[in-house]
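Q: Shown below is the structure under consideration.
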Amino acid sequence: NQTIRAHLLSLGYERLRTDSCICITVLADGSKHYIALYVDDLLFVGPSLAEIARVKLSLSTRFGIKDLGEAEFILGLQISRDGHGGIRLGQRAYLLAILDRFGLSECRPYSTPMVPNLQLEAMKDPSKLDPILKRRYLQAIGSLMYAMLGTRPDLCHAVGFLSRFS
């Protein structure tokens, strides 16, 4: 991590103070370029293909990187382009995998993420809870939490409410 960060610094990139996994540079024309680092994956975002090519060449020379082309998926997020320079993030494949993992792949869509006015009570004696069932519940909540933080803020209330019972 320190080695690649030092290399990016030598290329004119610096870490964001608010997120140490994101590096930024501002080119002479004022355009901003970002590099997101996650373990051994890098995502380049910026308007100048020449700048991206420059950084990729330098990284390839130094580290022997594998260029996978335009990003389509990263960390469970699907990236699609609209043809006008805009991008859209989604997690359809991730959410379908969650449904399949928990045996809900045949469930019907519903217009809201939670039944309105749902009332639940905590178990009076949690020691009687099946540990396997508890683990599955926590896995489901964690999986939905990742989707909520990524692209589905509409799940926030339901996930927060259900996580109270974990």
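Here's how to read the names in the structure tokens: chain A, B, ... by the order shown, residue numbers from 1 in each chain, ligand numbers from 1 in the order shown.
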Residues of region 8-162 of chain A classed as strand (DSSP E) by DSSP on the backbone are to be reported as a ChimeraX atom specification.

A: /A:14-15,22-26,32-38,41-45,73-74,77-81,87-90

Q: If we count only C-alpha atoms, what is near region 118-126 of chain A at a cut-off of 12 Å, once residues fewer than 6 positions away on the same chain are taken out, given as a list in words?

A: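 Near neighbours after the sequence-gap exclusion: Leu133, Lys134, His157, Ala158, Phe161, Leu162, Ser163, Arg164, Phe165 and Ser166 of chain A.
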
Q: Using only C-alpha atoms for the distances, tell me which of A:Asp154, A:Asp82, A:Glu51, A:Asp40 is nearest to Asn1 (chain A).

A: A:Asp40

Q: Identify which of the residues A:Ile22, A:Tyr110, A:Ser127, A:Tyr13 lies closest to Tyr38 (chain A), counting only C-alpha atoms when measuring atom-to-atom distances.

A: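 Of the candidates, the smallest distance to Tyr38 (chain A) is held by A:Ile22.
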
Q: Would you work out the distance separating CA of Val159 (chain A) from CA of Leu144 (chain A), expressed in Å to one decimal?

A: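 Straight-line distance from CA of Val159 (chain A) to CA of Leu144 (chain A) works out to 6.8 Å.
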
Q: Considering only C-alpha atoms, state which residue in the set A:Cys21, A:Cys156, A:Leu42, A:Arg54 is at the smallest distance from Met114 (chain A).

A: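 Closest residue, counting only C-alpha atoms: A:Cys156.
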
Q: Using only C-alpha atoms, can you tell me which of A:Ile35, A:Leu96, A:Ile74, A:Met148 comes closest to Pro109 (chain A)?

A: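 Among A:Ile35, A:Leu96, A:Ile74, A:Met148, it is A:Leu96 that comes nearest to Pro109 (chain A).
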
Q: To one decimal in Å, tell me the separation between CA of Arg62 (chain A) and CA of Leu9 (chain A).

A: 13.6 Å

Q: Given only C-alpha atoms as the basis, pick out the residue of A:Ser10, A:Ser48, A:Val115, A:Gln78 nearest to Ala28 (chain A).

A: A:Ser48

Q: Provide the CA of Gly64 (chain A) to CA of Lys32 (chain A) distance in Å, to one decimal place.

A: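 The value is 25.2 Å.
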